[in-house]
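Student: PDB, C-alpha atoms and all ligand atoms, file work_24.pdb:
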ATOM      1  CA  MET A   1     185.786 -20.561  41.571  1.00  0.00           C
ATOM      2  CA  THR A   2     182.017 -20.927  41.304  1.00  0.00           C
ATOM      3  CA  THR A   3     179.943 -20.203  44.414  1.00  0.00           C
ATOM      4  CA  LEU A   4     176.581 -21.897  44.849  1.00  0.00           C
ATOM      5  CA  LEU A   5     174.116 -20.595  47.426  1.00  0.00           C
ATOM      6  CA  GLN A   6     171.441 -23.043  48.595  1.00  0.00           C
ATOM      7  CA  ILE A   7     168.423 -21.520  50.322  1.00  0.00           C
ATOM      8  CA  ASN A   8     165.908 -23.895  51.902  1.00  0.00           C
ATOM      9  CA  SER A   9     162.535 -22.487  52.920  1.00  0.00           C
ATOM     10  CA  SER A  10     160.626 -25.612  53.971  1.00  0.00           C
ATOM     11  CA  ILE A  11     159.339 -25.609  57.548  1.00  0.00           C
ATOM     12  CA  HIS A  12     160.816 -29.137  57.675  1.00  0.00           C
ATOM     13  CA  ALA A  13     164.321 -27.746  57.125  1.00  0.00           C
ATOM     14  CA  GLY A  14     166.579 -30.369  55.502  1.00  0.00           C
ATOM     15  CA  GLN A  15     163.809 -33.006  55.609  1.00  0.00           C
ATOM     16  CA  GLY A  16     161.566 -30.993  53.299  1.00  0.00           C
ATOM     17  CA  GLN A  17     160.949 -32.373  49.822  1.00  0.00           C
ATOM     18  CA  SER A  18     161.972 -29.056  48.289  1.00  0.00           C
ATOM     19  CA  SER A  19     165.161 -29.018  50.399  1.00  0.00           C
ATOM     20  CA  GLN A  20     165.974 -32.565  49.298  1.00  0.00           C
ATOM     21  CA  LEU A  21     165.582 -31.672  45.632  1.00  0.00           C
ATOM     22  CA  ALA A  22     167.865 -28.675  46.185  1.00  0.00           C
ATOM     23  CA  ASP A  23     170.296 -31.103  47.890  1.00  0.00           C
ATOM     24  CA  VAL A  24     170.254 -33.348  44.806  1.00  0.00           C
ATOM     25  CA  PHE A  25     171.083 -30.344  42.653  1.00  0.00           C
ATOM     26  CA  VAL A  26     173.946 -29.251  44.888  1.00  0.00           C
ATOM     27  CA  ALA A  27     175.400 -32.787  45.131  1.00  0.00           C
ATOM     28  CA  SER A  28     175.184 -33.320  41.357  1.00  0.00           C
ATOM     29  CA  PHE A  29     176.643 -29.897  40.663  1.00  0.00           C
ATOM     30  CA  LEU A  30     179.533 -30.623  43.027  1.00  0.00           C
ATOM     31  CA  GLU A  31     180.212 -33.960  41.303  1.00  0.00           C
ATOM     32  CA  ASN A  32     180.531 -32.121  38.005  1.00  0.00           C
ATOM     33  CA  ASN A  33     182.280 -29.050  39.428  1.00  0.00           C
ATOM     34  CA  PRO A  34     184.296 -30.170  42.469  1.00  0.00           C
ATOM     35  CA  GLU A  35     185.892 -26.752  42.950  1.00  0.00           C
ATOM     36  CA  THR A  36     182.538 -25.176  43.787  1.00  0.00           C
ATOM     37  CA  GLN A  37     182.124 -23.339  47.091  1.00  0.00           C
ATOM     38  CA  VAL A  38     178.720 -24.088  48.627  1.00  0.00           C
ATOM     39  CA  ILE A  39     176.963 -21.751  51.055  1.00  0.00           C
ATOM     40  CA  LYS A  40     173.803 -23.068  52.696  1.00  0.00           C
ATOM     41  CA  ARG A  41     171.094 -21.030  54.382  1.00  0.00           C
ATOM     42  CA  ASP A  42     168.188 -22.871  55.919  1.00  0.00           C
ATOM     43  CA  LEU A  43     165.372 -20.490  56.774  1.00  0.00           C
ATOM     44  CA  ALA A  44     163.726 -22.976  59.176  1.00  0.00           C
ATOM     45  CA  ASP A  45     166.924 -23.523  61.140  1.00  0.00           C
ATOM     46  CA  GLU A  46     167.595 -19.794  61.225  1.00  0.00           C
ATOM     47  CA  THR A  47     164.396 -17.827  60.813  1.00  0.00           C
ATOM     48  CA  VAL A  48     164.565 -14.344  59.342  1.00  0.00           C
ATOM     49  CA  PRO A  49     162.392 -12.008  61.455  1.00  0.00           C
ATOM     50  CA  HIS A  50     159.288 -10.500  59.917  1.00  0.00           C
ATOM     51  CA  LEU A  51     159.825  -7.076  58.472  1.00  0.00           C
ATOM     52  CA  THR A  52     158.396  -4.458  60.843  1.00  0.00           C
ATOM     53  CA  ALA A  53     158.210  -0.671  60.552  1.00  0.00           C
ATOM     54  CA  GLU A  54     161.122  -0.521  62.981  1.00  0.00           C
ATOM     55  CA  ARG A  55     163.276  -2.857  60.884  1.00  0.00           C
ATOM     56  CA  PHE A  56     162.293  -1.140  57.627  1.00  0.00           C
ATOM     57  CA  GLY A  57     163.168   2.174  59.288  1.00  0.00           C
ATOM     58  CA  ALA A  58     166.741   0.900  59.587  1.00  0.00           C
ATOM     59  CA  PHE A  59     166.887   0.489  55.795  1.00  0.00           C
ATOM     60  CA  LEU A  60     165.758   4.110  55.329  1.00  0.00           C
ATOM     61  CA  ALA A  61     167.896   5.779  58.011  1.00  0.00           C
ATOM     62  CA  LYS A  62     171.075   7.589  56.926  1.00  0.00           C
ATOM     63  CA  PRO A  63     174.119   5.490  57.895  1.00  0.00           C
ATOM     64  CA  GLU A  64     175.486   8.179  60.215  1.00  0.00           C
ATOM     65  CA  GLU A  65     172.120   8.547  61.969  1.00  0.00           C
ATOM     66  CA  ARG A  66     171.392   4.850  62.632  1.00  0.00           C
ATOM     67  CA  THR A  67     170.681   3.789  66.191  1.00  0.00           C
ATOM     68  CA  GLU A  68     172.431   0.753  67.635  1.00  0.00           C
ATOM     69  CA  THR A  69     169.336  -1.388  66.975  1.00  0.00           C
ATOM     70  CA  GLN A  70     169.178  -0.142  63.402  1.00  0.00           C
ATOM     71  CA  ARG A  71     172.868  -0.913  62.918  1.00  0.00           C
ATOM     72  CA  SER A  72     172.284  -4.513  63.945  1.00  0.00           C
ATOM     73  CA  VAL A  73     169.323  -4.817  61.528  1.00  0.00           C
ATOM     74  CA  ILE A  74     171.530  -3.464  58.734  1.00  0.00           C
ATOM     75  CA  ALA A  75     174.394  -5.792  59.665  1.00  0.00           C
ATOM     76  CA  TYR A  76     172.023  -8.779  59.459  1.00  0.00           C
ATOM     77  CA  SER A  77     170.558  -7.695  56.113  1.00  0.00           C
ATOM     78  CA  ASP A  78     174.077  -6.980  54.787  1.00  0.00           C
ATOM     79  CA  GLU A  79     175.148 -10.505  55.749  1.00  0.00           C
ATOM     80  CA  LEU A  80     172.261 -12.021  53.741  1.00  0.00           C
ATOM     81  CA  ILE A  81     173.055  -9.781  50.788  1.00  0.00           C
ATOM     82  CA  LEU A  82     176.788 -10.562  50.936  1.00  0.00           C
ATOM     83  CA  GLU A  83     176.015 -14.271  50.476  1.00  0.00           C
ATOM     84  CA  LEU A  84     173.886 -13.427  47.464  1.00  0.00           C
ATOM     85  CA  THR A  85     176.537 -11.146  46.018  1.00  0.00           C
ATOM     86  CA  GLN A  86     179.133 -13.918  46.328  1.00  0.00           C
ATOM     87  CA  ALA A  87     176.888 -16.502  44.659  1.00  0.00           C
ATOM     88  CA  ASP A  88     177.069 -17.300  40.960  1.00  0.00           C
ATOM     89  CA  ILE A  89     174.291 -19.859  41.220  1.00  0.00           C
ATOM     90  CA  LEU A  90     171.289 -20.070  43.545  1.00  0.00           C
ATOM     91  CA  ALA A  91     169.368 -23.231  44.430  1.00  0.00           C
ATOM     92  CA  LEU A  92     166.107 -22.339  46.174  1.00  0.00           C
ATOM     93  CA  GLY A  93     163.843 -24.921  47.780  1.00  0.00           C
ATOM     94  CA  VAL A  94     160.330 -23.445  47.648  1.00  0.00           C
ATOM     95  CA  PRO A  95     157.331 -25.471  48.837  1.00  0.00           C
ATOM     96  CA  MET A  96     153.808 -24.176  48.340  1.00  0.00           C
ATOM     97  CA  TYR A  97     152.081 -23.396  51.612  1.00  0.00           C
ATOM     98  CA  ASN A  98     148.488 -22.169  51.607  1.00  0.00           C
ATOM     99  CA  PHE A  99     148.735 -20.975  48.003  1.00  0.00           C
ATOM    100  CA  GLY A 100     151.880 -18.976  48.531  1.00  0.00           C
ATOM    101  CA  ILE A 101     155.557 -19.133  49.341  1.00  0.00           C
ATOM    102  CA  PRO A 102     156.598 -19.961  52.920  1.00  0.00           C
ATOM    103  CA  SER A 103     156.477 -16.884  55.139  1.00  0.00           C
ATOM    104  CA  GLN A 104     160.110 -17.640  56.013  1.00  0.00           C
ATOM    105  CA  LEU A 105     161.081 -16.973  52.394  1.00  0.00           C
ATOM    106  CA  LYS A 106     158.964 -13.811  52.256  1.00  0.00           C
ATOM    107  CA  SER A 107     160.798 -12.486  55.322  1.00  0.00           C
ATOM    108  CA  TYR A 108     164.098 -13.330  53.645  1.00  0.00           C
ATOM    109  CA  PHE A 109     163.047 -11.482  50.467  1.00  0.00           C
ATOM    110  CA  ASP A 110     161.958  -8.516  52.635  1.00  0.00           C
ATOM    111  CA  HIS A 111     165.464  -8.336  54.093  1.00  0.00           C
ATOM    112  CA  ILE A 112     167.352  -8.476  50.815  1.00  0.00           C
ATOM    113  CA  ALA A 113     165.297  -5.890  48.909  1.00  0.00           C
ATOM    114  CA  ARG A 114     167.374  -2.813  49.721  1.00  0.00           C
ATOM    115  CA  ALA A 115     167.179   0.383  47.668  1.00  0.00           C
ATOM    116  CA  GLY A 116     170.603   1.421  46.423  1.00  0.00           C
ATOM    117  CA  ILE A 117     172.103  -1.974  47.252  1.00  0.00           C
ATOM    118  CA  THR A 118     170.140  -4.739  45.521  1.00  0.00           C
ATOM    119  CA  PHE A 119     167.997  -2.467  43.316  1.00  0.00           C
ATOM    120  CA  ARG A 120     167.741   1.169  42.389  1.00  0.00           C
ATOM    121  CA  TYR A 121     165.250   3.393  40.637  1.00  0.00           C
ATOM    122  CA  THR A 122     166.387   5.026  37.419  1.00  0.00           C
ATOM    123  CA  SER A 123     164.618   7.250  34.893  1.00  0.00           C
ATOM    124  CA  ASN A 124     163.924   4.021  32.980  1.00  0.00           C
ATOM    125  CA  GLY A 125     162.326   2.327  36.002  1.00  0.00           C
ATOM    126  CA  PRO A 126     163.751  -0.063  38.586  1.00  0.00           C
ATOM    127  CA  GLU A 127     167.096  -1.722  37.979  1.00  0.00           C
ATOM    128  CA  GLY A 128     168.218  -4.866  39.780  1.00  0.00           C
ATOM    129  CA  LEU A 129     171.809  -4.784  40.981  1.00  0.00           C
ATOM    130  CA  LEU A 130     172.496  -8.495  41.604  1.00  0.00           C
ATOM    131  CA  LYS A 131     173.630  -9.266  38.085  1.00  0.00           C
ATOM    132  CA  GLY A 132     175.186 -12.286  36.355  1.00  0.00           C
ATOM    133  CA  LYS A 133     173.538 -14.985  38.479  1.00  0.00           C
ATOM    134  CA  LYS A 134     171.453 -17.996  37.629  1.00  0.00           C
ATOM    135  CA  ALA A 135     168.737 -19.354  39.941  1.00  0.00           C
ATOM    136  CA  TYR A 136     167.143 -22.790  40.106  1.00  0.00           C
ATOM    137  CA  VAL A 137     163.860 -22.982  42.017  1.00  0.00           C
ATOM    138  CA  PHE A 138     162.768 -26.385  43.345  1.00  0.00           C
ATOM    139  CA  ALA A 139     159.016 -25.950  43.706  1.00  0.00           C
ATOM    140  CA  THR A 140     157.129 -28.688  45.542  1.00  0.00           C
ATOM    141  CA  ARG A 141     153.371 -28.833  45.834  1.00  0.00           C
ATOM    142  CA  GLY A 142     150.711 -31.183  47.193  1.00  0.00           C
ATOM    143  CA  GLY A 143     148.464 -30.403  44.225  1.00  0.00           C
ATOM    144  CA  VAL A 144     148.971 -29.346  40.621  1.00  0.00           C
ATOM    145  CA  TYR A 145     149.385 -25.680  39.739  1.00  0.00           C
ATOM    146  CA  ALA A 146     152.212 -25.201  37.230  1.00  0.00           C
ATOM    147  CA  GLY A 147     150.926 -23.454  34.121  1.00  0.00           C
ATOM    148  CA  THR A 148     147.566 -22.576  35.704  1.00  0.00           C
ATOM    149  CA  VAL A 149     146.252 -19.293  37.121  1.00  0.00           C
ATOM    150  CA  LEU A 150     146.395 -20.852  40.599  1.00  0.00           C
ATOM    151  CA  ASP A 151     150.199 -20.921  40.493  1.00  0.00           C
ATOM    152  CA  SER A 152     150.753 -17.862  42.672  1.00  0.00           C
ATOM    153  CA  GLN A 153     154.406 -18.722  43.245  1.00  0.00           C
ATOM    154  CA  THR A 154     156.099 -18.882  39.860  1.00  0.00           C
ATOM    155  CA  ASN A 155     155.385 -15.331  38.685  1.00  0.00           C
ATOM    156  CA  TYR A 156     155.964 -13.908  42.146  1.00  0.00           C
ATOM    157  CA  VAL A 157     159.356 -15.579  42.650  1.00  0.00           C
ATOM    158  CA  ARG A 158     160.406 -14.772  39.068  1.00  0.00           C
ATOM    159  CA  ASP A 159     159.297 -11.133  39.449  1.00  0.00           C
ATOM    160  CA  PHE A 160     161.014 -10.683  42.795  1.00  0.00           C
ATOM    161  CA  LEU A 161     164.307 -12.215  41.673  1.00  0.00           C
ATOM    162  CA  GLY A 162     164.131 -10.181  38.451  1.00  0.00           C
ATOM    163  CA  PHE A 163     163.549  -7.014  40.477  1.00  0.00           C
ATOM    164  CA  VAL A 164     166.874  -7.502  42.263  1.00  0.00           C
ATOM    165  CA  GLY A 165     168.618  -8.379  38.984  1.00  0.00           C
ATOM    166  CA  ILE A 166     168.407 -12.183  38.889  1.00  0.00           C
ATOM    167  CA  SER A 167     166.555 -12.719  35.637  1.00  0.00           C
ATOM    168  CA  ASP A 168     167.913 -16.126  34.600  1.00  0.00           C
ATOM    169  CA  VAL A 169     165.567 -18.360  36.610  1.00  0.00           C
ATOM    170  CA  VAL A 170     164.680 -22.018  35.993  1.00  0.00           C
ATOM    171  CA  PHE A 171     161.794 -23.744  37.820  1.00  0.00           C
ATOM    172  CA  ILE A 172     161.772 -27.467  38.570  1.00  0.00           C
ATOM    173  CA  TYR A 173     158.380 -28.680  39.762  1.00  0.00           C
ATOM    174  CA  ALA A 174     157.471 -31.701  41.854  1.00  0.00           C
ATOM    175  CA  GLU A 175     153.697 -31.618  42.046  1.00  0.00           C
ATOM    176  CA  SER A 176     150.841 -33.950  43.081  1.00  0.00           C
ATOM    177  CA  LEU A 177     152.835 -34.898  46.171  1.00  0.00           C
ATOM    178  CA  ALA A 178     149.700 -35.240  48.329  1.00  0.00           C
ATOM    179  CA  ILE A 179     147.642 -37.309  45.860  1.00  0.00           C
ATOM    180  CA  SER A 180     148.945 -40.820  46.637  1.00  0.00           C
ATOM    181  CA  PRO A 181     152.260 -42.453  47.608  1.00  0.00           C
ATOM    182  CA  ASP A 182     152.730 -43.847  44.069  1.00  0.00           C
ATOM    183  CA  ILE A 183     152.076 -40.525  42.389  1.00  0.00           C
ATOM    184  CA  ARG A 184     154.351 -38.757  44.882  1.00  0.00           C
ATOM    185  CA  GLU A 185     157.213 -41.170  44.194  1.00  0.00           C
ATOM    186  CA  GLU A 186     156.752 -40.832  40.454  1.00  0.00           C
ATOM    187  CA  SER A 187     156.665 -37.042  40.633  1.00  0.00           C
ATOM    188  CA  LEU A 188     159.745 -36.833  42.868  1.00  0.00           C
ATOM    189  CA  ALA A 189     161.610 -39.307  40.648  1.00  0.00           C
ATOM    190  CA  ARG A 190     160.812 -37.210  37.560  1.00  0.00           C
ATOM    191  CA  ALA A 191     161.907 -33.993  39.280  1.00  0.00           C
ATOM    192  CA  THR A 192     165.108 -35.699  40.492  1.00  0.00           C
ATOM    193  CA  VAL A 193     166.031 -36.776  36.950  1.00  0.00           C
ATOM    194  CA  GLU A 194     165.358 -33.249  35.694  1.00  0.00           C
ATOM    195  CA  THR A 195     167.419 -31.801  38.558  1.00  0.00           C
ATOM    196  CA  ARG A 196     170.408 -34.045  37.805  1.00  0.00           C
ATOM    197  CA  ARG A 197     170.176 -33.168  34.127  1.00  0.00           C
ATOM    198  CA  LEU A 198     170.226 -29.448  34.890  1.00  0.00           C
ATOM    199  CA  ALA A 199     173.214 -29.839  37.214  1.00  0.00           C
ATOM    200  CA  ALA A 200     175.236 -31.737  34.621  1.00  0.00           C
TER     201      ALA A 200
HETATM  202  C1  LIG B   1     151.154 -25.730  55.998  1.00  0.00           C
HETATM  203  C2  LIG B   1     151.079 -26.378  54.655  1.00  0.00           C
HETATM  204  C3  LIG B   1     150.303 -25.782  53.667  1.00  0.00           C
HETATM  205  C4  LIG B   1     150.237 -26.362  52.403  1.00  0.00           C
HETATM  206  N1  LIG B   1     149.511 -25.738  51.436  1.00  0.00           N
HETATM  207  C5  LIG B   1     149.493 -26.265  50.186  1.00  0.00           C
HETATM  208  C6  LIG B   1     148.818 -25.598  49.122  1.00  0.00           C
HETATM  209  O1  LIG B   1     148.247 -24.534  49.268  1.00  0.00           O
HETATM  210  N2  LIG B   1     148.823 -26.186  47.912  1.00  0.00           N
HETATM  211  C7  LIG B   1     149.457 -27.370  47.678  1.00  0.00           C
HETATM  212  O2  LIG B   1     149.451 -27.845  46.552  1.00  0.00           O
HETATM  213  N3  LIG B   1     150.128 -28.011  48.657  1.00  0.00           N
HETATM  214  C8  LIG B   1     150.154 -27.495  49.895  1.00  0.00           C
HETATM  215  N4  LIG B   1     150.853 -28.120  50.884  1.00  0.00           N
HETATM  216  C9  LIG B   1     151.608 -29.342  50.545  1.00  0.00           C
HETATM  217  C10 LIG B   1     153.070 -28.987  50.269  1.00  0.00           C
HETATM  218  O3  LIG B   1     153.189 -28.065  49.217  1.00  0.00           O
HETATM  219  C11 LIG B   1     153.863 -30.229  49.877  1.00  0.00           C
HETATM  220  O4  LIG B   1     153.744 -31.188  50.917  1.00  0.00           O
HETATM  221  C12 LIG B   1     155.307 -29.898  49.635  1.00  0.00           C
HETATM  222  O5  LIG B   1     155.970 -31.027  49.164  1.00  0.00           O
HETATM  223  C13 LIG B   1     155.981 -29.447  50.907  1.00  0.00           C
HETATM  224  O6  LIG B   1     157.344 -29.206  50.615  1.00  0.00           O
HETATM  225  P1  LIG B   1     158.416 -29.357  51.766  1.00  0.00           P
HETATM  226  O7  LIG B   1     158.414 -30.835  52.139  1.00  0.00           O
HETATM  227  O8  LIG B   1     159.695 -28.942  51.124  1.00  0.00           O
HETATM  228  O9  LIG B   1     158.004 -28.500  52.915  1.00  0.00           O
HETATM  229  C14 LIG B   1     150.930 -27.573  52.143  1.00  0.00           C
HETATM  230  C15 LIG B   1     151.702 -28.157  53.158  1.00  0.00           C
HETATM  231  C16 LIG B   1     151.774 -27.556  54.395  1.00  0.00           C
HETATM  232  C17 LIG B   1     152.627 -28.196  55.465  1.00  0.00           C
END
Output the file's structure as structure tokens, nothing else.
Tutor:
Amino acid sequence: MTTLLQINSSIHAGQGQSSQLADVFVASFLENNPETQVIKRDLADETVPHLTAERFGAFLAKPEERTETQRSVIAYSDELILELTQADILALGVPMYNFGIPSQLKSYFDHIARAGITFRYTSNGPEGLLKGKKAYVFATRGGVYAGTVLDSQTNYVRDFLGFVGISDVVFIYAESLAISPDIREESLARATVETRRLAA
């Protein structure tokens, strides 16, 4: 059975335009593959704490030497990673906020980058350990950035996912969403068609 993990990172939770595009993907995918198991994680509904030195210390501590607090940090990070490990396909809703990804998503990334678990260093350089997955990134923006040097998100998200082993990544853009209602509708309609096509 295929497992699809949807991760929303809009501050508007399920109402976000990026979340709604991810929803379209999941619904279309389910129509075509009814046996699919869907796991949903909304980072606005359940915020991942910022990474602190204390939390990062839990990642570095030897298992037998972890304090109770460190054990709970590890248990939380393990839970996020378990969902990823189970997933064959990822659908990520990623709006652009102030030229970057939402801080909620950065905190999530900070909790799933774990040496020895999601990546490891080898004599040939870093190796991602989350293999055999495909990710779809639903990138929504008020302006237009795709293909320009101002697109700080695409390379970053691709590089991060690649670092943990997810190298098959497709971006679906809905841009110009703040220009005018007509342009927004047109852009969302185009992205929705593209999303349905990819889910088919
Ligand atoms: C706090 C905030 C910051 C934003 N910063 C940018 C930005 O830097 N560039 C841009 O093109 N759009 C920006 N926008 C517009 C959003 O990218 C756009 O509305 C997007 O559709 C939001 O997706 P969401 O509805 O899934 O949250 C910003 C919106 C918010 C709320």
Student: Go through chain A residue by residue and, counting all atoms listed in the file, keep those with an atom at most 7 Å from ligand LIG 1 (chain B); for each kept residue give the shortest atom pair and its distance in Å to one decimal, ordered by chain and increasing number, as JSON lines.
Tutor:
{"residue": "A:Ser10", "atom": "CA", "partner": "B:LIG1", "partner_atom": "O9", "distance": 4.0}
{"residue": "A:Ile11", "atom": "CA", "partner": "B:LIG1", "partner_atom": "O9", "distance": 5.6}
{"residue": "A:His12", "atom": "CA", "partner": "B:LIG1", "partner_atom": "O9", "distance": 5.6}
{"residue": "A:Gln15", "atom": "CA", "partner": "B:LIG1", "partner_atom": "O7", "distance": 6.8}
{"residue": "A:Gly16", "atom": "CA", "partner": "B:LIG1", "partner_atom": "O7", "distance": 3.4}
{"residue": "A:Gln17", "atom": "CA", "partner": "B:LIG1", "partner_atom": "O7", "distance": 3.8}
{"residue": "A:Ser18", "atom": "CA", "partner": "B:LIG1", "partner_atom": "O8", "distance": 3.6}
{"residue": "A:Ser19", "atom": "CA", "partner": "B:LIG1", "partner_atom": "O8", "distance": 5.5}
{"residue": "A:Gly93", "atom": "CA", "partner": "B:LIG1", "partner_atom": "O8", "distance": 6.7}
{"residue": "A:Val94", "atom": "CA", "partner": "B:LIG1", "partner_atom": "O8", "distance": 6.5}
{"residue": "A:Pro95", "atom": "CA", "partner": "B:LIG1", "partner_atom": "O6", "distance": 4.1}
{"residue": "A:Met96", "atom": "CA", "partner": "B:LIG1", "partner_atom": "O3", "distance": 4.0}
{"residue": "A:Tyr97", "atom": "CA", "partner": "B:LIG1", "partner_atom": "N1", "distance": 3.5}
{"residue": "A:Asn98", "atom": "CA", "partner": "B:LIG1", "partner_atom": "O1", "distance": 3.3}
{"residue": "A:Phe99", "atom": "CA", "partner": "B:LIG1", "partner_atom": "O1", "distance": 3.8}
{"residue": "A:Gly100", "atom": "CA", "partner": "B:LIG1", "partner_atom": "O1", "distance": 6.7}
{"residue": "A:Thr140", "atom": "CA", "partner": "B:LIG1", "partner_atom": "O5", "distance": 4.5}
{"residue": "A:Arg141", "atom": "CA", "partner": "B:LIG1", "partner_atom": "O3", "distance": 3.5}
{"residue": "A:Gly142", "atom": "CA", "partner": "B:LIG1", "partner_atom": "N3", "distance": 3.5}
{"residue": "A:Gly143", "atom": "CA", "partner": "B:LIG1", "partner_atom": "O2", "distance": 3.6}
{"residue": "A:Val144", "atom": "CA", "partner": "B:LIG1", "partner_atom": "O2", "distance": 6.1}
{"residue": "A:Leu177", "atom": "CA", "partner": "B:LIG1", "partner_atom": "O5", "distance": 5.8}
{"residue": "A:Ala178", "atom": "CA", "partner": "B:LIG1", "partner_atom": "O4", "distance": 6.3}
Student: Which polymer residues have any atom within 12 Å of an atom of A:Thr67, counting all atoms listed in the file, with same-chain residues fewer than 6 positions away left out, as a ChimeraX atom specification?
Tutor: /A:54-55,57-61,73-74
Student: Taking all atoms listed in the file into account, name the residue in A:Ala87, A:Ala199, A:Ile81, A:Ala53 that is nearest to A:Ser28.
Tutor: A:Ala199
Student: I need the residue set behind the PyMOL selection byres (((chain A and resi 47) around 12) and not hetatm) for this file; please write it as a list in words.
Tutor: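 That selection, the PyMOL selection byres (((chain A and resi 47) around 12) and not hetatm), comes back as Ile7, Asn8, Ser9, Ser10, Ile11, Ala13, Arg41, Asp42, Leu43, Ala44, Asp45, Glu46, Val48, Pro49, His50, Leu51, Tyr76, Pro102, Ser103, Gln104, Leu105, Lys106, Ser107, Tyr108 and His111 of chain A.
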Student: Have a look at A:Val24, A:Leu150, A:Ile166, A:Ile172 and name the one nearest to A:Asp88; count all atoms listed in the file.
Tutor: A:Ile166
Student: Between A:Pro63, A:Pro34, A:Gly128, A:Gly147, which has the minimum distance to A:Leu161 (counting all atoms listed in the file)?
Tutor: A:Gly128
Student: If I take atom CA of A:Glu64 and atom CA of A:Glu127, how far is one from the other in Å, to one decimal?
Tutor: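 Rounded to one decimal, the two atoms are 25.7 Å apart.
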Student: Looking at A:Lys134, A:Arg120, A:Arg71, A:Lys62, which one is nearest to A:Leu5, with distances taken over only C-alpha atoms?
Tutor: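 Looking only at the distances to A:Leu5, the closest residue turns out to be A:Lys134.
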Student: Compile the contact shell of A:Gly165 as a ChimeraX atom specification: residues with an atom at most 6 Å away, counting all atoms listed in the file, same-chain residues fewer than 5 positions apart removed.
Tutor: /A:128-131
Student: Written as a list in words, which residues does the PyMOL selection byres (((chain A and resi 198) around 12) and not hetatm) give for the file shown?
Tutor: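 Those residues are Leu21, Ala22, Val24, Phe25, Val26, Ala27, Ser28, Phe29, Asn32, Ala91, Lys134, Ala135, Tyr136, Val137, Phe138, Val170, Phe171, Ile172, Ala191, Thr192, Val193, Glu194, Thr195, Arg196, Arg197, Ala199 and Ala200 of chain A.
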Student: If I take atom CA of A:Asp168 and atom CA of A:Leu4, how far is one from the other in Å, to one decimal?
Tutor: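 We find that atom CA of A:Asp168 and atom CA of A:Leu4 lie 14.6 Å from each other.
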Student: Just checking: using only C-alpha atoms, which residue out of A:Ile183, A:Gln70, A:Leu92, A:Gly162 ends up closest to A:Asp23?
Tutor: A:Leu92
